[in-house]
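Dropping query_32.cif in here (mmCIF, C-alpha atoms and all ligand atoms):
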```cif
data_upload
loop_
_atom_site.label_atom_id
_atom_site.label_comp_id
_atom_site.auth_asym_id
_atom_site.auth_seq_id
_atom_site.Cartn_x
_atom_site.Cartn_y
_atom_site.Cartn_z
CA MET A 1 9.32 0.34 38.68
CA THR A 2 6.41 2.68 38.05
CA LEU A 3 5.80 4.58 34.86
CA LEU A 4 5.25 8.14 36.04
CA ALA A 5 3.77 10.89 33.87
CA THR A 6 2.71 9.83 30.39
CA ASP A 7 0.95 11.45 27.46
CA ASP A 8 -2.53 9.85 27.47
CA ARG A 9 -2.47 9.83 23.67
CA ASN A 10 0.41 7.31 23.85
CA ALA A 11 -1.67 4.89 25.96
CA ALA A 12 -2.20 2.25 23.26
CA GLU A 13 1.51 2.08 22.41
CA ILE A 14 2.45 2.00 26.10
CA ALA A 15 0.04 -0.92 26.61
CA PHE A 16 1.46 -2.72 23.56
CA TRP A 17 5.09 -2.36 24.68
CA ASN A 18 4.17 -3.56 28.17
CA GLY A 19 2.17 -6.45 26.66
CA LEU A 20 2.59 -8.42 23.43
CA GLY A 21 5.23 -6.14 21.89
CA GLY A 22 7.49 -6.14 24.93
CA GLN A 23 7.08 -9.89 25.44
CA CYS A 24 8.02 -10.65 21.80
CA TRP A 25 11.20 -8.57 22.10
CA LEU A 26 12.06 -10.18 25.46
CA ASN A 27 11.59 -13.70 24.07
CA ARG A 28 13.89 -12.91 21.18
CA GLN A 29 16.19 -10.31 22.73
CA GLN A 30 19.51 -11.99 21.87
CA ALA A 31 18.42 -12.94 18.36
CA GLN A 32 16.88 -9.53 17.77
CA ASP A 33 20.05 -7.73 18.86
CA ALA A 34 22.06 -9.98 16.51
CA LEU A 35 19.62 -9.33 13.62
CA LEU A 36 19.77 -5.57 14.15
CA ALA A 37 23.53 -5.45 14.84
CA PRO A 38 24.24 -4.05 11.34
CA VAL A 39 21.88 -1.17 12.13
CA ALA A 40 23.59 -0.50 15.45
CA GLU A 41 26.95 -0.50 13.69
CA VAL A 42 26.05 2.16 11.14
CA LEU A 43 24.15 4.26 13.70
CA LEU A 44 27.02 4.21 16.20
CA ASP A 45 29.38 5.16 13.39
CA ARG A 46 27.25 8.19 12.40
CA ALA A 47 26.72 9.18 16.05
CA ALA A 48 30.48 9.20 16.71
CA ALA A 49 29.93 9.50 20.47
CA ARG A 50 33.02 10.87 22.20
CA VAL A 51 34.59 10.26 25.60
CA GLY A 52 32.86 12.34 28.27
CA GLU A 53 29.62 12.95 26.34
CA ILE A 54 26.12 12.76 27.80
CA VAL A 55 23.77 10.70 25.61
CA LEU A 56 20.00 10.15 25.61
CA ASP A 57 18.93 6.80 24.06
CA ILE A 58 15.21 7.10 23.30
CA GLY A 59 13.06 3.96 23.26
CA CYS A 60 16.15 2.01 24.33
CA GLY A 61 14.25 -1.27 24.79
CA CYS A 62 16.48 -4.02 26.19
CA GLY A 63 19.44 -1.65 26.25
CA ALA A 64 21.89 -2.94 23.61
CA THR A 65 22.61 0.48 22.12
CA SER A 66 22.64 2.24 25.51
CA ILE A 67 25.32 -0.17 26.69
CA ALA A 68 27.33 0.23 23.48
CA LEU A 69 27.12 4.03 23.77
CA ALA A 70 28.14 3.97 27.44
CA ARG A 71 31.30 2.08 26.50
CA ARG A 72 32.12 4.75 23.92
CA VAL A 73 31.64 7.75 26.24
CA ALA A 74 33.60 6.25 29.17
CA PRO A 75 35.34 7.54 31.15
CA GLY A 76 33.47 10.61 32.23
CA GLY A 77 30.42 10.31 29.98
CA ARG A 78 26.98 8.96 30.82
CA VAL A 79 24.00 7.44 28.97
CA LEU A 80 20.36 7.69 29.94
CA GLY A 81 18.15 5.07 28.26
CA ILE A 82 14.44 5.95 28.30
CA ASP A 83 11.62 3.55 27.57
CA VAL A 84 7.95 3.01 28.43
CA SER A 85 8.27 -0.80 28.58
CA ALA A 86 8.84 -2.09 32.12
CA PRO A 87 9.80 -5.65 31.06
CA MET A 88 12.24 -4.47 28.39
CA LEU A 89 13.90 -2.00 30.77
CA GLU A 90 14.21 -4.69 33.41
CA ARG A 91 16.18 -6.76 30.87
CA ALA A 92 18.30 -3.69 30.02
CA ARG A 93 19.19 -3.29 33.70
CA GLN A 94 20.15 -6.97 33.92
CA LEU A 95 22.35 -6.76 30.83
CA ALA A 96 24.21 -3.56 31.74
CA PRO A 97 27.63 -4.45 33.21
CA GLN A 98 28.18 -3.18 36.76
CA GLY A 99 30.11 0.04 36.90
CA LEU A 100 29.18 1.15 33.39
CA ALA A 101 27.81 4.73 33.36
CA VAL A 102 24.35 3.92 32.04
CA ASP A 103 21.02 4.66 33.73
CA PHE A 104 17.55 3.63 32.65
CA ALA A 105 14.33 5.56 33.18
CA LEU A 106 10.89 4.01 32.80
CA ALA A 107 9.35 7.06 31.19
CA ASP A 108 7.43 8.47 28.25
CA ALA A 109 9.82 10.57 26.13
CA THR A 110 6.92 12.85 25.12
CA VAL A 111 6.67 14.30 28.63
CA TYR A 112 9.82 13.19 30.51
CA PRO A 113 11.39 16.16 32.34
CA PHE A 114 14.88 15.97 30.79
CA GLU A 115 17.59 17.93 32.58
CA PRO A 116 17.51 21.12 30.51
CA GLY A 117 20.29 21.90 28.02
CA ARG A 118 22.54 19.07 29.21
CA ALA A 119 22.95 16.22 26.67
CA ASP A 120 25.35 16.18 23.71
CA LEU A 121 23.61 13.49 21.67
CA LEU A 122 20.02 12.32 21.15
CA PHE A 123 20.16 8.76 19.81
CA SER A 124 17.64 6.07 18.92
CA ARG A 125 17.45 2.75 17.10
CA PHE A 126 13.82 2.51 15.98
CA GLY A 127 12.46 4.02 19.21
CA VAL A 128 10.95 7.31 18.02
CA MET A 129 8.16 6.27 15.61
CA PHE A 130 5.54 5.52 18.25
CA PHE A 131 4.56 8.97 19.54
CA ALA A 132 0.98 10.21 19.07
CA ASP A 133 2.35 13.75 18.76
CA PRO A 134 5.89 13.53 17.37
CA VAL A 135 6.45 17.31 17.09
CA GLU A 136 5.64 17.82 20.76
CA SER A 137 7.73 14.75 21.68
CA PHE A 138 10.81 15.96 19.76
CA ALA A 139 10.36 19.48 21.16
CA ASN A 140 10.37 17.96 24.65
CA MET A 141 13.49 15.89 23.92
CA ARG A 142 15.21 18.98 22.48
CA ARG A 143 14.85 20.69 25.87
CA GLY A 144 17.30 18.12 27.22
CA LEU A 145 19.99 19.01 24.66
CA ARG A 146 22.71 21.65 24.82
CA SER A 147 23.10 24.07 21.94
CA GLY A 148 25.03 22.32 19.15
CA ALA A 149 23.98 18.83 20.27
CA ARG A 150 23.54 16.12 17.61
CA VAL A 151 20.53 13.95 16.79
CA VAL A 152 21.10 10.52 15.23
CA PHE A 153 18.34 7.95 14.87
CA ALA A 154 17.23 5.08 12.67
CA CYS A 155 13.70 4.61 11.34
CA TRP A 156 12.30 2.25 8.70
CA ARG A 157 11.54 3.28 5.13
CA GLU A 158 8.38 2.06 3.33
CA PRO A 159 7.05 -1.48 4.02
CA CYS A 160 7.51 -2.46 0.35
CA GLU A 161 11.25 -1.74 0.76
CA ASN A 162 11.40 -4.01 3.82
CA PRO A 163 10.67 -7.59 2.71
CA TRP A 164 12.22 -8.93 5.92
CA LEU A 165 9.04 -7.66 7.66
CA LEU A 166 6.57 -7.65 4.78
CA LEU A 167 7.13 -11.12 3.33
CA PRO A 168 6.16 -13.01 6.53
CA LEU A 169 3.12 -10.75 6.93
CA GLN A 170 1.94 -11.37 3.37
CA GLU A 171 2.28 -15.12 3.88
CA ALA A 172 0.39 -14.90 7.20
CA TYR A 173 -2.43 -13.04 5.42
CA ARG A 174 -3.09 -16.12 3.28
CA HIS A 175 -4.49 -17.69 6.47
CA VAL A 176 -5.54 -15.05 9.02
CA PRO A 177 -7.52 -11.79 8.87
CA ARG A 178 -5.67 -8.61 7.98
CA LEU A 179 -4.65 -6.29 10.81
CA PRO A 180 -6.75 -3.12 11.07
CA ASP A 181 -5.60 -0.52 8.53
CA VAL A 182 -3.11 1.93 9.98
CA GLY A 183 -2.69 5.43 8.54
CA SER A 184 0.78 6.13 7.15
CA GLU A 185 1.33 8.75 9.87
CA ASP A 186 -0.20 6.78 12.75
CA PRO A 187 2.30 5.60 15.41
CA GLY A 188 4.05 2.44 14.28
CA PRO A 189 7.24 1.13 12.70
CA PHE A 190 6.65 2.84 9.33
CA SER A 191 5.33 6.21 10.50
CA PHE A 192 8.64 7.98 9.66
CA ALA A 193 9.00 6.34 6.24
CA ALA A 194 8.21 9.50 4.26
CA GLU A 195 11.15 11.89 4.05
CA HIS A 196 8.94 15.00 4.01
CA ARG A 197 7.24 13.87 7.21
CA VAL A 198 10.50 13.56 9.11
CA HIS A 199 11.38 17.13 8.06
CA GLY A 200 7.83 18.16 9.01
CA ILE A 201 8.42 16.84 12.54
CA LEU A 202 11.99 17.90 13.26
CA GLU A 203 11.78 21.43 11.83
CA PRO A 204 8.83 22.64 13.90
CA ALA A 205 10.36 20.88 16.92
CA GLY A 206 13.28 23.28 16.51
CA PHE A 207 16.03 21.16 14.91
CA ARG A 208 18.23 22.28 12.00
CA ALA A 209 20.61 20.67 9.46
CA ILE A 210 18.18 17.78 9.07
CA GLU A 211 19.41 15.05 6.73
CA LEU A 212 18.13 11.59 5.85
CA GLU A 213 20.63 9.04 4.61
CA PRO A 214 19.11 5.94 2.98
CA ILE A 215 20.75 2.72 4.13
CA ASP A 216 20.03 -0.63 2.49
CA LEU A 217 20.97 -3.70 4.44
CA SER A 218 20.74 -7.43 4.08
CA LEU A 219 19.19 -8.74 7.32
CA ASP A 220 19.72 -12.41 8.08
CA LEU A 221 16.48 -13.57 9.67
CA ALA A 222 18.21 -16.83 10.59
CA ASN A 223 21.23 -15.26 12.31
CA GLY A 224 23.27 -17.99 10.61
CA ARG A 225 21.24 -20.79 12.26
CA GLY A 226 19.23 -22.12 9.34
CA LEU A 227 15.65 -22.09 8.09
CA ASP A 228 13.98 -23.08 11.40
CA ALA A 229 15.56 -20.09 13.13
CA ALA A 230 14.37 -17.79 10.34
CA VAL A 231 10.80 -19.10 10.66
CA ASP A 232 10.96 -18.61 14.45
CA ALA A 233 12.09 -15.03 13.89
CA ALA A 234 9.33 -14.33 11.37
CA LEU A 235 6.69 -15.76 13.71
CA GLY A 236 8.13 -14.25 16.85
CA ILE A 237 8.30 -10.55 16.08
CA GLY A 238 7.01 -7.78 13.84
CA PRO A 239 3.67 -7.41 12.06
CA ALA A 240 3.34 -11.14 11.25
CA SER A 241 3.46 -12.02 14.96
CA ARG A 242 0.84 -9.33 15.59
CA ALA A 243 -1.45 -10.74 12.88
CA LEU A 244 -1.08 -14.29 14.24
CA ASP A 245 -1.55 -13.38 17.91
CA GLY A 246 -4.66 -15.08 19.31
CA GLN A 247 -5.44 -16.98 16.09
CA PRO A 248 -6.42 -20.69 16.27
CA THR A 249 -3.51 -23.13 16.39
CA ALA A 250 -4.37 -24.67 13.01
CA LEU A 251 -4.29 -21.31 11.25
CA ARG A 252 -1.02 -20.37 12.95
CA ALA A 253 0.47 -23.67 11.84
CA ALA A 254 -0.69 -23.16 8.25
CA ALA A 255 0.73 -19.62 8.25
CA GLY A 256 4.00 -21.01 9.60
CA GLU A 257 4.18 -23.47 6.69
CA SER A 258 3.56 -20.71 4.13
CA ILE A 259 6.21 -18.52 5.75
CA ARG A 260 8.65 -21.45 5.76
CA ALA A 261 8.10 -22.12 2.05
CA ALA A 262 8.60 -18.44 1.16
CA LEU A 263 11.73 -18.10 3.31
CA ALA A 264 13.18 -21.34 1.91
CA LYS A 265 13.40 -19.59 -1.48
CA CYS A 266 15.68 -16.94 0.10
CA GLN A 267 17.91 -19.38 1.98
CA VAL A 268 21.66 -19.26 1.33
CA GLY A 269 23.41 -21.97 3.36
CA ASP A 270 22.48 -21.37 7.00
CA THR A 271 21.45 -17.78 6.36
CA VAL A 272 18.14 -16.32 5.17
CA PRO A 273 19.05 -12.80 4.05
CA LEU A 274 16.26 -10.38 3.19
CA PRO A 275 16.42 -6.70 2.25
CA GLY A 276 15.86 -4.06 4.93
CA ALA A 277 15.68 -0.35 4.18
CA LEU A 278 16.04 2.46 6.69
CA TRP A 279 16.85 6.11 7.11
CA ILE A 280 19.64 7.33 9.29
CA VAL A 281 18.34 10.72 10.33
CA THR A 282 20.78 13.35 11.56
CA ALA A 283 20.09 16.88 12.79
CA THR A 284 21.45 19.46 15.18
CA ASN A 285 20.03 21.54 17.99
CA PRO A 286 20.85 25.15 17.08
C1 LIG B 1 11.14 -1.17 18.02
S1 LIG B 1 11.52 -1.06 19.72
C2 LIG B 1 13.25 -0.64 19.67
C3 LIG B 1 13.96 -0.98 20.94
C4 LIG B 1 15.47 -0.69 20.96
N1 LIG B 1 15.77 0.70 20.63
C5 LIG B 1 16.22 -1.61 20.04
O1 LIG B 1 16.64 -1.19 18.94
O2 LIG B 1 16.42 -2.78 20.41
C6 LIG B 1 10.74 0.47 20.13
C7 LIG B 1 10.91 0.91 21.57
O3 LIG B 1 10.34 2.21 21.75
C8 LIG B 1 9.73 2.26 23.02
N2 LIG B 1 8.75 3.36 23.09
C9 LIG B 1 7.57 3.46 22.44
N3 LIG B 1 6.93 4.60 22.77
C10 LIG B 1 7.75 5.26 23.65
C11 LIG B 1 7.65 6.51 24.36
N4 LIG B 1 6.58 7.30 24.24
N5 LIG B 1 8.67 6.87 25.17
C12 LIG B 1 9.77 6.06 25.32
N6 LIG B 1 9.90 4.87 24.69
C13 LIG B 1 8.92 4.47 23.84
C14 LIG B 1 9.10 0.86 23.15
O4 LIG B 1 8.78 0.52 24.48
C15 LIG B 1 10.19 -0.01 22.54
O5 LIG B 1 11.10 -0.46 23.50
#
```
Translate the structure of the given file into structure tokens.
Amino acid sequence: MTLLATDDRNAAEIAFWNGLGGQCWLNRQQAQDALLAPVAEVLLDRAAARVGEIVLDIGCGCGATSIALARRVAPGGRVLGIDVSAPMLERARQLAPQGLAVDFALADATVYPFEPGRADLLFSRFGVMFFADPVESFANMRRGLRSGARVVFACWREPCENPWLLLPLQEAYRHVPRLPDVGSEDPGPFSFAAEHRVHGILEPAGFRAIELEPIDLSLDLANGRGLDAAVDAALGIGPASRALDGQPTALRAAAGESIRAALAKCQVGDTVPLPGALWIVTATNP
């Protein structure tokens, strides 16, 4: 699998998702899909994909939502999952049941030559916040949509509203240096947190009827498997794992202990539920 044309400005994100980022998601793919299942549920509900529809799943990663969408549009429909991460797409291809109408393209959504005016639905679970030029990227994706097509995607709200990601990071920072500061609009998980920014991307890209629905969820870091599983999750993915990457073993161990103590305070039986806050963004292609 070769990644064909890319936007050079996306190079750092493409390297991350083919390196540490992609590896973290691969290592935890089953657990991550279970953790984010409540997000998939609400997104799929809002998307209301119908039999026979053509769907684009942007930044599809290991393919969970592409597969779920393909089941909804069968028979007659088709899903194209697009992602820049070769290892994650390889997993998606392995997981897709034979005969299901789902294809995967190793491609950069900013420049991918979508079949013009074809798709009924542009969908994404947390896969659209990593573009260097989001207006250009959404304008490119819009070319693949028919008139009247729907857009439905999930993106995170502010870090302070997402303790499931922030709490482990704050505990890690007691022991390891802070990650380089990232501007609020720089590519990354929180770059679509501000409502006005999402409007400021989708409107000039040509979309209309743009709405942001706030969704507050309780995300069980443990997936019902106790405190150890929650600590593994906190260390294995997200900004805490990025901050701890490459740090000396002793510091990683100390950070792990701090994270464990903080998560223990949130434990309820075998679960460790923490608040997560996201937008479900919907729009239409006029
Ligand atoms: C947070 S992960 C979400 C993965 C998947 N949607 C899920 O919910 O499991 C973000 C995904 O966006 C992909 N991505 C980042 N930049 C991209 C780009 N320019 N074009 C296509 N995919 C991209 C990454 O490779 C990664 O798989």
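Atom CA of Ala205 of chain A sits 18.1 Å away from atom CA of Ala193 of chain A.
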So, counting all atoms listed in the file, which residue among A:Gln32, A:Gln23, A:Ser85, A:Ser124 is closest to Thr65 of chain A?
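That would be A:Ser124, the residue with the smallest distance to Thr65 of chain A.
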Give as a PyMOL selection string every residue, naming chains and numbers as the document does, that has an atom within 7 Å of (5.3, 2.3, 17.4), counting only C-alpha atoms.
chain A and resi 13+129-130+187-189
Counting all atoms listed in the file, which residues have an atom no more than 7 Å from (18.5, 7.5, 17.0) in the file's coordinates? Please list them as a ChimeraX atom specification.
/A:122-126,151-154
Would you compute an axis-aligned box for ligand LIG 1 (chain B), covering every atom listed for it in the file with 3 Å of margin on each side, and report centre and edge lengths in Å to one decimal as lines of an AutoDock Vina configuration file?
```
center_x = 11.6
center_y = 2.3
center_z = 21.7
size_x = 16.1
size_y = 16.1
size_z = 13.3
```
Which polymer residues have any atom within 12 Å of an atom of Glu203 of chain A, counting only C-alpha atoms, with same-chain residues fewer than 3 positions away left out, as a ChimeraX atom specification?
/A:134-136,138-139,142,196-200,206-211,283-286
Closest of A:Ala34, A:Leu80, A:Leu227, A:Ala107 to ligand LIG 1 (chain B) - atom-to-atom distances counting only C-alpha atoms and all ligand atoms
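Smallest separation from ligand LIG 1 (chain B) among the options: A:Ala107.
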Counting all atoms listed in the file, name the residues that have an atom within 8 Å of an atom of ligand LIG 1 (chain B); the answer should be given as JSON, numbers by chain.
{"A": [6, 7, 10, 13, 14, 17, 18, 21, 22, 25, 29, 32, 33, 36, 40, 57, 58, 59, 60, 61, 62, 63, 64, 65, 82, 83, 84, 85, 88, 89, 106, 107, 108, 109, 110, 124, 125, 126, 127, 128, 129, 130, 131, 137, 189]}
Top pick for closest residue to Pro239 of chain A, considering A:Ala194, A:Ala262, A:Leu165, A:Ile280 and counting only C-alpha atoms
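For Pro239 of chain A, the nearest of the given residues is A:Leu165.
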Measuring between only C-alpha atoms, which one of A:Pro38, A:Gly144, A:Gly269, A:Pro75 shows the shortest distance to Val55 of chain A?
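Ranking A:Pro38, A:Gly144, A:Gly269, A:Pro75 by distance to Val55 of chain A, first place goes to A:Gly144.
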